[in-house]
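Student: Got a structure for you, questions after.
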Amino acid sequence: MEALKISPGFEKVMPQEYLELVEDGPYGRGLGVKDLGTFKELIEVHPLCAGCALGLSIRLILASLPNPENTVIVGTTGCNAILMPQVAIHNIHCLFGNQSAVATGLKRALRLRYPNTHKDVVVMAGDGGVVDIGLAPTMHSWFRREQFTTIMLDNEGYSNTGGQESGMTRQGVVVNMAPLGKKFPKVPLHEVAKVAGCAYVATATPARARRLGQMVRRAILVAREIGPAYVQIFCPCSTNYKFPPAESLKRAKETEITEYMVPEAKEWIERIEKGPKAEEVSNEA
Amino acid sequence: MSTLIGLPKNGYRVVPGPEAYLSPSAAIMGVVLPEEGQGLIEGEIVPQEVAMEEIANRLLSARNPMLFPGPLVLWAWSDKAVAKAKALQDMVAEVPGMRIIPMPDYRPKYPMINPEVEINPNHPNLTIWHNNIDVCMFVGVHCHFANLALKIVRAGTDCYTIALCGERGHEDAMITLRDVHAEEVRKITETIKRVKMGRVSCQKEE
């Protein structure tokens, strides 16, 4: 990668981590979930709780980005915000809930500044950021057909503030600071996304790693060419829901995997995946 | 060329700290950025050449001078960046004992950062303390992170800070120059060589 070279002479003072990222990182190599363990990853350590399915999901998402060197992740307050600053690609932390508004401006500006390159903008936020506090900016970005991907890391509550219920908490569930139990059903945001204008909508789980990787990749590629994309990933929280960390993946399986594409998106994905170089997607616009 | 302003009216000088846990920014204290052809020494506007001379003197007098190159020169993202990186390495070679600790990006890497091998704008003071750096030079650090790091260094350490800026300069450094590219770095190197030769001549005469 031309953009990821160290200035000659400075190699000898660069920390080992950066030398490894340049030599063996995923930039410009078309790698994916199936290649995990064979390259230097964009995140290697994180401060999230033991058994956090969100940490695993982010690892899989990062490994699935079609062009990490040309990707900007936009996030907001939540458990993932503790991890994201340590990731070795551009990421922006927004005020709670306005991530889709920031991503809108960013995507439009990048398209003007780099007309010949796909710059992928990926909103990655928790259920509180997307469905509660940030619902209006999220929905309006879909109504406006903004071409970026929204990924919700759905741990069904506000976990790092002590355990409050969110719109994504299931009906009847009792969490630390919602002792009477949730009074209304989980928000069906993936259904809302379809009617709000998303060209690609999926619900995924880190328990099905390759499928999750495929969905994230498809979402980003559809967002490039067709329209907004939404991926909802179920990330059970052992801290808030009080189950042993070792059970996270077992619980993560307890969700429905769904995928929806508008006809243009389906045609576009088929063209890419059945093409001669199915694994390599150019970032030239 | 604008009129030289000198020190702020309140006489505030940007001197080595420790200033305070929450030190005031130099801008709030009335320090203004230099115009073209000028630099700042401890908050006072001076001609660029005077600032270069002082940089040479500070580096050559330091026990442990250190270059902190940032992403804008560490990464070969343009021909200008590569040329500036080369000029900086030539400059470091002219200062006896000068070392380099890089700032490759701005990720907070708690708790694993090793201050022996890298600096981070989130805790530059650890790097300064750990190595007993008495004079440091920031180059190629994006403005907002340079401002943050320079302020933290001034707040919590007695390190003498120098900031070579490609834009307008950094008022929170003890010495700053603006519009510094490869050519200006080479001028600093020439100044260092001249000052060094002057010192050798003085010693011979003694």
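Labels for the structure tokens follow display order: chains A, B, ..., residues from 1 in each chain, ligands from 1.
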Which residues, written as an MDAnalysis selection string, have at least one atom at most 7 Å from segment 169-185 of chain A, with only C-alpha atoms counted and residues fewer than 4 positions away on the same chain left out?
Tutor: chainID A and resid 156:157 162:165 240:241
Student: Using only C-alpha atoms and a distance of at most 12 Å, pull out the residues of chain B that contact chain A, as a PDB file with N, CA, C and O atoms, in the first residue's frame.
Tutor:
ATOM      1  N   LEU B  67      13.673  14.174  19.652  1.00  0.00           N
ATOM      2  CA  LEU B  67      12.740  14.541  18.581  1.00  0.00           C
ATOM      3  C   LEU B  67      11.490  13.681  18.715  1.00  0.00           C
ATOM      4  O   LEU B  67      11.590  12.455  18.836  1.00  0.00           O
ATOM      5  N   PHE B  68      10.326  14.317  18.696  1.00  0.00           N
ATOM      6  CA  PHE B  68       9.040  13.599  18.694  1.00  0.00           C
ATOM      7  C   PHE B  68       8.378  13.788  17.327  1.00  0.00           C
ATOM      8  O   PHE B  68       7.575  14.704  17.151  1.00  0.00           O
ATOM      9  N   PRO B  69       8.697  12.956  16.353  1.00  0.00           N
ATOM     10  CA  PRO B  69       8.035  13.110  15.054  1.00  0.00           C
ATOM     11  C   PRO B  69       6.635  12.523  15.081  1.00  0.00           C
ATOM     12  O   PRO B  69       6.405  11.460  15.657  1.00  0.00           O
ATOM     13  N   GLY B  70       5.693  13.213  14.457  1.00  0.00           N
ATOM     14  CA  GLY B  70       4.304  12.748  14.413  1.00  0.00           C
ATOM     15  C   GLY B  70       3.974  12.082  13.090  1.00  0.00           C
ATOM     16  O   GLY B  70       4.837  11.947  12.212  1.00  0.00           O
ATOM     17  N   PRO B  71       2.703  11.701  12.907  1.00  0.00           N
ATOM     18  CA  PRO B  71       2.300  10.960  11.707  1.00  0.00           C
ATOM     19  C   PRO B  71       2.599  11.681  10.406  1.00  0.00           C
ATOM     20  O   PRO B  71       2.859  11.034   9.386  1.00  0.00           O
ATOM     21  N   LEU B  72       2.560  13.004  10.423  1.00  0.00           N
ATOM     22  CA  LEU B  72       2.726  13.744   9.165  1.00  0.00           C
ATOM     23  C   LEU B  72       4.122  13.605   8.571  1.00  0.00           C
ATOM     24  O   LEU B  72       4.322  13.880   7.388  1.00  0.00           O
ATOM     25  N   VAL B  73       5.102  13.207   9.384  1.00  0.00           N
ATOM     26  CA  VAL B  73       6.443  12.966   8.820  1.00  0.00           C
ATOM     27  C   VAL B  73       6.865  11.498   8.942  1.00  0.00           C
ATOM     28  O   VAL B  73       7.740  11.042   8.199  1.00  0.00           O
ATOM     29  N   LEU B  74       6.259  10.768   9.863  1.00  0.00           N
ATOM     30  CA  LEU B  74       6.647   9.355  10.016  1.00  0.00           C
ATOM     31  C   LEU B  74       6.167   8.510   8.845  1.00  0.00           C
ATOM     32  O   LEU B  74       6.812   7.536   8.460  1.00  0.00           O
ATOM     33  N   TRP B  75       5.009   8.891   8.291  1.00  0.00           N
ATOM     34  CA  TRP B  75       4.441   8.107   7.193  1.00  0.00           C
ATOM     35  C   TRP B  75       4.750   8.778   5.867  1.00  0.00           C
ATOM     36  O   TRP B  75       4.635   9.999   5.732  1.00  0.00           O
ATOM     37  N   ALA B  76       5.112   7.957   4.885  1.00  0.00           N
ATOM     38  CA  ALA B  76       5.528   8.473   3.573  1.00  0.00           C
ATOM     39  C   ALA B  76       4.301   8.715   2.694  1.00  0.00           C
ATOM     40  O   ALA B  76       4.142   8.119   1.642  1.00  0.00           O
ATOM     41  N   TRP B  77       3.439   9.616   3.113  1.00  0.00           N
ATOM     42  CA  TRP B  77       2.175   9.840   2.396  1.00  0.00           C
ATOM     43  C   TRP B  77       2.325  10.845   1.256  1.00  0.00           C
ATOM     44  O   TRP B  77       1.423  10.995   0.453  1.00  0.00           O
ATOM     45  N   SER B  78       3.461  11.535   1.194  1.00  0.00           N
ATOM     46  CA  SER B  78       3.697  12.446   0.068  1.00  0.00           C
ATOM     47  C   SER B  78       5.205  12.639  -0.086  1.00  0.00           C
ATOM     48  O   SER B  78       5.981  12.350   0.836  1.00  0.00           O
ATOM     49  N   ASP B  79       5.610  13.142  -1.229  1.00  0.00           N
ATOM     50  CA  ASP B  79       7.033  13.411  -1.451  1.00  0.00           C
ATOM     51  C   ASP B  79       7.550  14.455  -0.466  1.00  0.00           C
ATOM     52  O   ASP B  79       8.687  14.384   0.000  1.00  0.00           O
ATOM     53  N   LYS B  80       6.688  15.433  -0.161  1.00  0.00           N
ATOM     54  CA  LYS B  80       7.099  16.484   0.780  1.00  0.00           C
ATOM     55  C   LYS B  80       7.348  15.902   2.172  1.00  0.00           C
ATOM     56  O   LYS B  80       8.271  16.317   2.869  1.00  0.00           O
ATOM     57  N   ALA B  81       6.497  14.930   2.559  1.00  0.00           N
ATOM     58  CA  ALA B  81       6.676  14.307   3.884  1.00  0.00           C
ATOM     59  C   ALA B  81       7.994  13.542   3.934  1.00  0.00           C
ATOM     60  O   ALA B  81       8.728  13.603   4.936  1.00  0.00           O
ATOM     61  N   VAL B  82       8.310  12.843   2.861  1.00  0.00           N
ATOM     62  CA  VAL B  82       9.567  12.074   2.813  1.00  0.00           C
ATOM     63  C   VAL B  82      10.761  13.022   2.873  1.00  0.00           C
ATOM     64  O   VAL B  82      11.745  12.778   3.596  1.00  0.00           O
ATOM     65  N   ALA B  83      10.670  14.129   2.134  1.00  0.00           N
ATOM     66  CA  ALA B  83      11.780  15.104   2.130  1.00  0.00           C
ATOM     67  C   ALA B  83      11.963  15.711   3.516  1.00  0.00           C
ATOM     68  O   ALA B  83      13.090  15.881   4.000  1.00  0.00           O
ATOM     69  N   LYS B  84      10.861  16.002   4.182  1.00  0.00           N
ATOM     70  CA  LYS B  84      10.943  16.588   5.524  1.00  0.00           C
ATOM     71  C   LYS B  84      11.514  15.570   6.509  1.00  0.00           C
ATOM     72  O   LYS B  84      12.313  15.918   7.386  1.00  0.00           O
ATOM     73  N   ALA B  85      11.097  14.307   6.355  1.00  0.00           N
ATOM     74  CA  ALA B  85      11.616  13.246   7.229  1.00  0.00           C
ATOM     75  C   ALA B  85      13.124  13.117   7.082  1.00  0.00           C
ATOM     76  O   ALA B  85      13.861  12.987   8.070  1.00  0.00           O
ATOM     77  N   LYS B  86      13.580  13.177   5.855  1.00  0.00           N
ATOM     78  CA  LYS B  86      15.034  13.073   5.597  1.00  0.00           C
ATOM     79  C   LYS B  86      15.764  14.263   6.237  1.00  0.00           C
ATOM     80  O   LYS B  86      16.795  14.102   6.903  1.00  0.00           O
ATOM     81  N   ALA B  87      15.201  15.460   6.039  1.00  0.00           N
ATOM     82  CA  ALA B  87      15.822  16.665   6.607  1.00  0.00           C
ATOM     83  C   ALA B  87      15.876  16.579   8.132  1.00  0.00           C
ATOM     84  O   ALA B  87      16.868  16.980   8.753  1.00  0.00           O
ATOM     85  N   LEU B  88      14.841  16.038   8.741  1.00  0.00           N
ATOM     86  CA  LEU B  88      14.810  15.917  10.206  1.00  0.00           C
ATOM     87  C   LEU B  88      15.870  14.943  10.705  1.00  0.00           C
ATOM     88  O   LEU B  88      16.545  15.191  11.715  1.00  0.00           O
ATOM     89  N   GLN B  89      16.019  13.839   9.971  1.00  0.00           N
ATOM     90  CA  GLN B  89      17.037  12.865  10.388  1.00  0.00           C
ATOM     91  C   GLN B  89      18.443  13.456  10.249  1.00  0.00           C
ATOM     92  O   GLN B  89      19.317  13.191  11.082  1.00  0.00           O
ATOM     93  N   ASP B  90      18.629  14.252   9.215  1.00  0.00           N
ATOM     94  CA  ASP B  90      19.928  14.937   9.059  1.00  0.00           C
ATOM     95  C   ASP B  90      20.156  15.903  10.222  1.00  0.00           C
ATOM     96  O   ASP B  90      21.280  16.048  10.714  1.00  0.00           O
ATOM     97  N   VAL B  92      18.871  15.644  13.306  1.00  0.00           N
ATOM     98  CA  VAL B  92      19.134  14.852  14.521  1.00  0.00           C
ATOM     99  C   VAL B  92      20.599  14.403  14.549  1.00  0.00           C
ATOM    100  O   VAL B  92      21.252  14.416  15.603  1.00  0.00           O
ATOM    101  N   ALA B  93      21.132  14.051  13.378  1.00  0.00           N
ATOM    102  CA  ALA B  93      22.519  13.582  13.304  1.00  0.00           C
ATOM    103  C   ALA B  93      23.512  14.672  13.709  1.00  0.00           C
ATOM    104  O   ALA B  93      24.641  14.374  14.117  1.00  0.00           O
ATOM    105  N   ARG B  99      17.934  11.836  20.370  1.00  0.00           N
ATOM    106  CA  ARG B  99      17.240  10.594  20.038  1.00  0.00           C
ATOM    107  C   ARG B  99      15.854  10.885  19.482  1.00  0.00           C
ATOM    108  O   ARG B  99      15.408  12.041  19.487  1.00  0.00           O
ATOM    109  N   ILE B 100      15.197   9.838  19.038  1.00  0.00           N
ATOM    110  CA  ILE B 100      13.861   9.996  18.436  1.00  0.00           C
ATOM    111  C   ILE B 100      12.876   9.059  19.137  1.00  0.00           C
ATOM    112  O   ILE B 100      13.151   7.870  19.283  1.00  0.00           O
ATOM    113  N   ILE B 101      11.765   9.606  19.585  1.00  0.00           N
ATOM    114  CA  ILE B 101      10.634   8.779  20.046  1.00  0.00           C
ATOM    115  C   ILE B 101       9.437   9.155  19.176  1.00  0.00           C
ATOM    116  O   ILE B 101       9.019  10.313  19.168  1.00  0.00           O
ATOM    117  N   PRO B 102       8.908   8.207  18.425  1.00  0.00           N
ATOM    118  CA  PRO B 102       7.861   8.555  17.455  1.00  0.00           C
ATOM    119  C   PRO B 102       6.462   8.618  18.057  1.00  0.00           C
ATOM    120  O   PRO B 102       6.194   8.021  19.096  1.00  0.00           O
ATOM    121  N   MET B 103       5.579   9.334  17.371  1.00  0.00           N
ATOM    122  CA  MET B 103       4.151   9.365  17.691  1.00  0.00           C
ATOM    123  C   MET B 103       3.416   8.945  16.409  1.00  0.00           C
ATOM    124  O   MET B 103       2.962   9.774  15.641  1.00  0.00           O
ATOM    125  N   PRO B 104       3.349   7.616  16.161  1.00  0.00           N
ATOM    126  CA  PRO B 104       2.830   7.154  14.863  1.00  0.00           C
ATOM    127  C   PRO B 104       1.357   7.444  14.638  1.00  0.00           C
ATOM    128  O   PRO B 104       0.909   7.607  13.519  1.00  0.00           O
ATOM    129  N   ASP B 105       0.552   7.466  15.695  1.00  0.00           N
ATOM    130  CA  ASP B 105      -0.844   7.883  15.584  1.00  0.00           C
ATOM    131  C   ASP B 105      -1.291   8.337  16.960  1.00  0.00           C
ATOM    132  O   ASP B 105      -0.472   8.472  17.869  1.00  0.00           O
ATOM    133  N   TYR B 106      -2.594   8.551  17.117  1.00  0.00           N
ATOM    134  CA  TYR B 106      -3.065   9.163  18.355  1.00  0.00           C
ATOM    135  C   TYR B 106      -3.957   8.233  19.165  1.00  0.00           C
ATOM    136  O   TYR B 106      -4.744   8.672  19.984  1.00  0.00           O
ATOM    137  N   ARG B 107      -3.845   6.933  18.922  1.00  0.00           N
ATOM    138  CA  ARG B 107      -4.694   6.006  19.672  1.00  0.00           C
ATOM    139  C   ARG B 107      -4.286   5.969  21.144  1.00  0.00           C
ATOM    140  O   ARG B 107      -3.105   5.823  21.437  1.00  0.00           O
ATOM    141  N   PRO B 108      -5.243   6.101  22.054  1.00  0.00           N
ATOM    142  CA  PRO B 108      -4.874   5.902  23.453  1.00  0.00           C
ATOM    143  C   PRO B 108      -4.635   4.416  23.675  1.00  0.00           C
ATOM    144  O   PRO B 108      -5.498   3.603  23.359  1.00  0.00           O
ATOM    145  N   LYS B 109      -3.483   4.070  24.171  1.00  0.00           N
ATOM    146  CA  LYS B 109      -3.180   2.645  24.270  1.00  0.00           C
ATOM    147  C   LYS B 109      -2.935   2.198  25.699  1.00  0.00           C
ATOM    148  O   LYS B 109      -1.988   1.499  25.989  1.00  0.00           O
ATOM    149  N   TYR B 110      -3.825   2.640  26.580  1.00  0.00           N
ATOM    150  CA  TYR B 110      -3.701   2.183  27.964  1.00  0.00           C
ATOM    151  C   TYR B 110      -3.938   0.689  28.034  1.00  0.00           C
ATOM    152  O   TYR B 110      -4.816   0.183  27.366  1.00  0.00           O
ATOM    153  N   PRO B 111      -3.311  -0.052  28.895  1.00  0.00           N
ATOM    154  CA  PRO B 111      -2.187   0.387  29.732  1.00  0.00           C
ATOM    155  C   PRO B 111      -0.861  -0.068  29.158  1.00  0.00           C
ATOM    156  O   PRO B 111       0.126  -0.168  29.849  1.00  0.00           O
ATOM    157  N   MET B 112      -0.848  -0.349  27.863  1.00  0.00           N
ATOM    158  CA  MET B 112       0.311  -1.070  27.344  1.00  0.00           C
ATOM    159  C   MET B 112       1.350  -0.176  26.677  1.00  0.00           C
ATOM    160  O   MET B 112       2.335  -0.675  26.169  1.00  0.00           O
ATOM    161  N   ILE B 113       1.154   1.138  26.638  1.00  0.00           N
ATOM    162  CA  ILE B 113       2.142   1.963  25.945  1.00  0.00           C
ATOM    163  C   ILE B 113       3.494   1.882  26.655  1.00  0.00           C
ATOM    164  O   ILE B 113       3.563   1.854  27.890  1.00  0.00           O
ATOM    165  N   ASN B 114       4.527   1.776  25.873  1.00  0.00           N
ATOM    166  CA  ASN B 114       5.881   1.746  26.421  1.00  0.00           C
ATOM    167  C   ASN B 114       6.524   3.095  26.136  1.00  0.00           C
ATOM    168  O   ASN B 114       6.891   3.387  25.000  1.00  0.00           O
ATOM    169  N   PRO B 115       6.671   3.941  27.163  1.00  0.00           N
ATOM    170  CA  PRO B 115       7.170   5.294  26.907  1.00  0.00           C
ATOM    171  C   PRO B 115       8.621   5.334  26.449  1.00  0.00           C
ATOM    172  O   PRO B 115       9.111   6.379  26.033  1.00  0.00           O
ATOM    173  N   GLU B 116       9.309   4.195  26.534  1.00  0.00           N
ATOM    174  CA  GLU B 116      10.669   4.151  25.996  1.00  0.00           C
ATOM    175  C   GLU B 116      10.650   4.207  24.477  1.00  0.00           C
ATOM    176  O   GLU B 116      11.592   4.670  23.858  1.00  0.00           O
ATOM    177  N   VAL B 117       9.587   3.672  23.879  1.00  0.00           N
ATOM    178  CA  VAL B 117       9.597   3.529  22.420  1.00  0.00           C
ATOM    179  C   VAL B 117       8.575   4.382  21.685  1.00  0.00           C
ATOM    180  O   VAL B 117       8.676   4.548  20.475  1.00  0.00           O
ATOM    181  N   GLU B 118       7.564   4.910  22.372  1.00  0.00           N
ATOM    182  CA  GLU B 118       6.641   5.790  21.655  1.00  0.00           C
ATOM    183  C   GLU B 118       6.018   6.804  22.593  1.00  0.00           C
ATOM    184  O   GLU B 118       5.987   6.628  23.808  1.00  0.00           O
ATOM    185  N   ILE B 119       5.541   7.881  21.985  1.00  0.00           N
ATOM    186  CA  ILE B 119       4.877   8.940  22.754  1.00  0.00           C
ATOM    187  C   ILE B 119       3.443   9.002  22.267  1.00  0.00           C
ATOM    188  O   ILE B 119       3.129   8.611  21.156  1.00  0.00           O
ATOM    189  N   ASN B 122      -2.024  11.527  24.655  1.00  0.00           N
ATOM    190  CA  ASN B 122      -2.834  11.367  25.854  1.00  0.00           C
ATOM    191  C   ASN B 122      -2.016  11.304  27.134  1.00  0.00           C
ATOM    192  O   ASN B 122      -2.547  11.494  28.213  1.00  0.00           O
TER     193      ASN B 122
END
Student: Would you pick out the contacts of Gly75 of chain A at 12 Å or less, using only C-alpha atoms, so that residues sharing its chain but fewer than 4 positions from it are not included, and give the list as a ChimeraX atom specification?
Tutor: /A:58,79-85,90-103,121-130,134,149-153
Student: Applying 6 Å and only C-alpha atoms, which residues near segment 164-166 of chain B remain after dropping the ones on its own chain fewer than 2 positions away? List them as a list in words.
Tutor: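 Contacts, with the query itself left out: Val139, Gly169, Thr176, Leu177, Arg178, Asp179 and Val180 of chain B.
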Student: Those residues with all heavy atoms, as an mmCIF file, in the first residue's frame please?
Tutor:
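Written output follows (again_8.cif):
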data_model
loop_
_atom_site.group_PDB
_atom_site.id
_atom_site.type_symbol
_atom_site.label_atom_id
_atom_site.label_comp_id
_atom_site.auth_asym_id
_atom_site.auth_seq_id
_atom_site.Cartn_x
_atom_site.Cartn_y
_atom_site.Cartn_z
ATOM 1 N N VAL B 139 7.427 17.647 15.773
ATOM 2 C CA VAL B 139 7.331 17.931 14.332
ATOM 3 C C VAL B 139 6.333 16.959 13.715
ATOM 4 O O VAL B 139 6.343 15.768 14.031
ATOM 5 C CB VAL B 139 8.678 17.726 13.603
ATOM 6 C CG1 VAL B 139 8.594 18.239 12.164
ATOM 7 C CG2 VAL B 139 9.809 18.389 14.320
ATOM 8 N N GLY B 169 2.004 27.575 13.685
ATOM 9 C CA GLY B 169 2.799 27.571 14.916
ATOM 10 C C GLY B 169 1.975 27.140 16.118
ATOM 11 O O GLY B 169 0.754 26.996 16.026
ATOM 12 N N THR B 176 8.455 28.157 18.957
ATOM 13 C CA THR B 176 7.751 27.603 17.810
ATOM 14 C C THR B 176 8.088 28.379 16.545
ATOM 15 O O THR B 176 8.367 29.580 16.587
ATOM 16 C CB THR B 176 6.221 27.583 18.034
ATOM 17 O OG1 THR B 176 5.616 26.820 16.992
ATOM 18 C CG2 THR B 176 5.613 28.970 18.036
ATOM 19 N N LEU B 177 8.106 27.653 15.448
ATOM 20 C CA LEU B 177 8.266 28.257 14.122
ATOM 21 C C LEU B 177 7.068 27.842 13.283
ATOM 22 O O LEU B 177 6.555 26.733 13.426
ATOM 23 C CB LEU B 177 9.547 27.752 13.450
ATOM 24 C CG LEU B 177 10.859 28.334 13.938
ATOM 25 C CD1 LEU B 177 12.015 27.602 13.275
ATOM 26 C CD2 LEU B 177 10.928 29.826 13.624
ATOM 27 N N ARG B 178 6.660 28.717 12.371
ATOM 28 C CA ARG B 178 5.555 28.382 11.486
ATOM 29 C C ARG B 178 6.082 28.091 10.066
ATOM 30 O O ARG B 178 7.246 28.354 9.777
ATOM 31 C CB ARG B 178 4.526 29.515 11.428
ATOM 32 C CG ARG B 178 5.099 30.864 11.042
ATOM 33 C CD ARG B 178 4.009 31.868 10.798
ATOM 34 N NE ARG B 178 3.334 31.602 9.529
ATOM 35 C CZ ARG B 178 2.184 32.171 9.163
ATOM 36 N NH1 ARG B 178 1.584 33.002 9.987
ATOM 37 N NH2 ARG B 178 1.649 31.904 7.986
ATOM 38 N N ASP B 179 5.246 27.525 9.227
ATOM 39 C CA ASP B 179 5.582 27.231 7.820
ATOM 40 C C ASP B 179 6.885 26.438 7.706
ATOM 41 O O ASP B 179 7.717 26.726 6.838
ATOM 42 C CB ASP B 179 5.701 28.530 7.009
ATOM 43 C CG ASP B 179 4.441 29.382 7.106
ATOM 44 O OD1 ASP B 179 3.349 28.805 7.069
ATOM 45 O OD2 ASP B 179 4.576 30.617 7.239
ATOM 46 N N VAL B 180 7.085 25.469 8.552
ATOM 47 C CA VAL B 180 8.334 24.697 8.528
ATOM 48 C C VAL B 180 8.165 23.471 7.632
ATOM 49 O O VAL B 180 7.339 22.590 7.914
ATOM 50 C CB VAL B 180 8.758 24.259 9.947
ATOM 51 C CG1 VAL B 180 10.026 23.402 9.873
ATOM 52 C CG2 VAL B 180 8.995 25.473 10.820
#
Student: Please return, as JSON, numbers by chain, all residues of segment 150-191 of chain A that DSSP assigns to strand (DSSP E) on the basis of the backbone.
Tutor: {"A": [150, 151, 152, 153, 154]}
Student: Could those residues be written to a file, using N, CA, C and O atoms, as a CSV table (one decimal), in the first residue's frame?
Tutor:
chain,number,residue,atom,x,y,z
A,150,THR,N,-25.0,1.1,8.6
A,150,THR,CA,-25.2,1.3,10.0
A,150,THR,C,-25.2,-0.1,10.7
A,150,THR,O,-25.9,-1.0,10.2
A,151,ILE,N,-24.3,-0.3,11.6
A,151,ILE,CA,-24.2,-1.6,12.3
A,151,ILE,C,-24.6,-1.4,13.8
A,151,ILE,O,-24.0,-0.5,14.5
A,152,MET,N,-25.6,-2.1,14.2
A,152,MET,CA,-26.0,-2.0,15.6
A,152,MET,C,-25.5,-3.2,16.4
A,152,MET,O,-25.7,-4.3,16.0
A,153,LEU,N,-24.7,-2.9,17.4
A,153,LEU,CA,-24.2,-3.9,18.3
A,153,LEU,C,-25.2,-4.1,19.4
A,153,LEU,O,-25.3,-3.3,20.4
A,154,ASP,N,-26.1,-5.0,19.3
A,154,ASP,CA,-27.3,-5.1,20.1
A,154,ASP,C,-27.0,-6.0,21.4
A,154,ASP,O,-27.1,-7.2,21.3
Student: For Ser25 of chain B, please output as a list in words all residues within 9 Å (counting only C-alpha atoms; exclusion window: fewer than 6 positions along the same chain).
Tutor: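 That gives Val31, Asn147, Lys151, Glu171 and Asp172 of chain B.
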Student: Include N, CA and C atoms and write out the residues we just selected as a JSON list (two decimals), in the first residue's frame.
Tutor:
[["chain", "number", "residue", "atom", "x", "y", "z"],
["B", 31, "VAL", "N", -1.02, 35.21, 24.37],
["B", 31, "VAL", "CA", 0.04, 34.93, 23.40],
["B", 31, "VAL", "C", -0.60, 34.73, 22.02],
["B", 147, "ASN", "N", -1.29, 20.68, 20.27],
["B", 147, "ASN", "CA", -1.71, 21.64, 21.30],
["B", 147, "ASN", "C", -1.97, 20.92, 22.63],
["B", 151, "LYS", "N", 0.53, 21.19, 25.97],
["B", 151, "LYS", "CA", -0.06, 21.75, 27.19],
["B", 151, "LYS", "C", 0.14, 20.77, 28.37],
["B", 171, "GLU", "N", 1.47, 28.11, 20.10],
["B", 171, "GLU", "CA", 1.80, 29.07, 21.16],
["B", 171, "GLU", "C", 2.08, 28.40, 22.50],
["B", 172, "ASP", "N", 1.69, 27.12, 22.66],
["B", 172, "ASP", "CA", 1.94, 26.44, 23.93],
["B", 172, "ASP", "C", 3.34, 25.82, 24.01]]
Student: Find the spatial neighbours of Ser141 of chain A, counting only C-alpha atoms, within a cut-off of 8 Å - ignore same-chain residues fewer than 2 positions away - and output them as an mmCIF file with C-alpha atoms, in the first residue's frame.
Tutor:
data_model
loop_
_atom_site.group_PDB
_atom_site.id
_atom_site.type_symbol
_atom_site.label_atom_id
_atom_site.label_comp_id
_atom_site.auth_asym_id
_atom_site.auth_seq_id
_atom_site.Cartn_x
_atom_site.Cartn_y
_atom_site.Cartn_z
ATOM 1 C CA SER A 100 -25.645 9.044 11.622
ATOM 2 C CA ALA A 101 -25.699 12.819 11.224
ATOM 3 C CA THR A 104 -23.841 11.787 6.573
ATOM 4 C CA PRO A 137 -30.640 10.734 12.931
ATOM 5 C CA THR A 138 -30.542 7.007 12.089
ATOM 6 C CA MET A 139 -34.013 6.984 10.532
ATOM 7 C CA PHE A 143 -35.071 8.287 4.570
ATOM 8 C CA ARG A 144 -32.473 10.406 2.751
ATOM 9 C CA ARG A 145 -30.885 7.246 1.277
ATOM 10 C CA GLU A 146 -27.440 8.158 2.639
ATOM 11 C CA PRO A 228 -28.189 2.585 2.961
#
Student: Find the residues near Tyr21 of chain B: any atom within 9 Å, counting only C-alpha atoms, skip ones fewer than 6 places away on the same chain, and give them as a list in words.
Tutor: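 The contact residues come out as Ile152, Ala155 and Gly156 of chain B.
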Student: Put those residues in a file: all heavy atoms, as a compact mmCIF listing (two decimals), in the first residue's frame.
Tutor:
# COMPACT_ATOMS: atom_id res chain seq x y z
N ILE B 152 -0.03 19.50 28.10
CA ILE B 152 0.17 18.50 29.17
C ILE B 152 1.63 18.48 29.62
O ILE B 152 1.93 18.40 30.81
CB ILE B 152 -0.28 17.10 28.70
CG1 ILE B 152 -1.78 17.07 28.45
CG2 ILE B 152 0.07 16.04 29.76
CD1 ILE B 152 -2.28 15.76 27.84
N ALA B 155 2.21 21.47 31.66
CA ALA B 155 1.49 21.40 32.93
C ALA B 155 2.25 20.56 33.96
O ALA B 155 2.33 20.92 35.13
CB ALA B 155 0.11 20.81 32.71
N GLY B 156 2.83 19.45 33.49
CA GLY B 156 3.32 18.50 34.47
C GLY B 156 4.80 18.21 34.48
O GLY B 156 5.26 17.38 35.28
Student: Pick the closest to Leu31 of chain A from A:Met261, A:Ala63, A:Leu56, A:Val195: which is it, counting only C-alpha atoms?
Tutor: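 Nearest to Leu31 of chain A: A:Ala63.
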Student: Given the choices B:Val153, B:Asn10, B:Pro34, B:Ala56, which gets closest to Glu94 of chain B if the distance is worked out from only C-alpha atoms?
Tutor: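 Closest residue, counting only C-alpha atoms: B:Ala56.
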Student: Kindly give the distance, in Å, that separates atom CA of Arg210 of chain A and atom CA of Asn70 of chain A, rounded to a single decimal.
Tutor: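 If I compute the distance from atom CA of Arg210 of chain A to atom CA of Asn70 of chain A, I get 22.0 Å.
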Student: For the alpha helix (DSSP H) assignment from backbone DSSP, which residues of segment 99-193 of chain A qualify? Please present them as a VMD selection string.
Tutor: chain A and resid 99 to 113 127 135 to 143 189 to 193
Student: Measuring between only C-alpha atoms, which one of B:Ile128, B:Met197, B:Cys143, B:Ile175 shows the shortest distance to Gly43 of chain B?
Tutor: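 Answer, going by the shortest atom-to-atom distance: B:Ile175.
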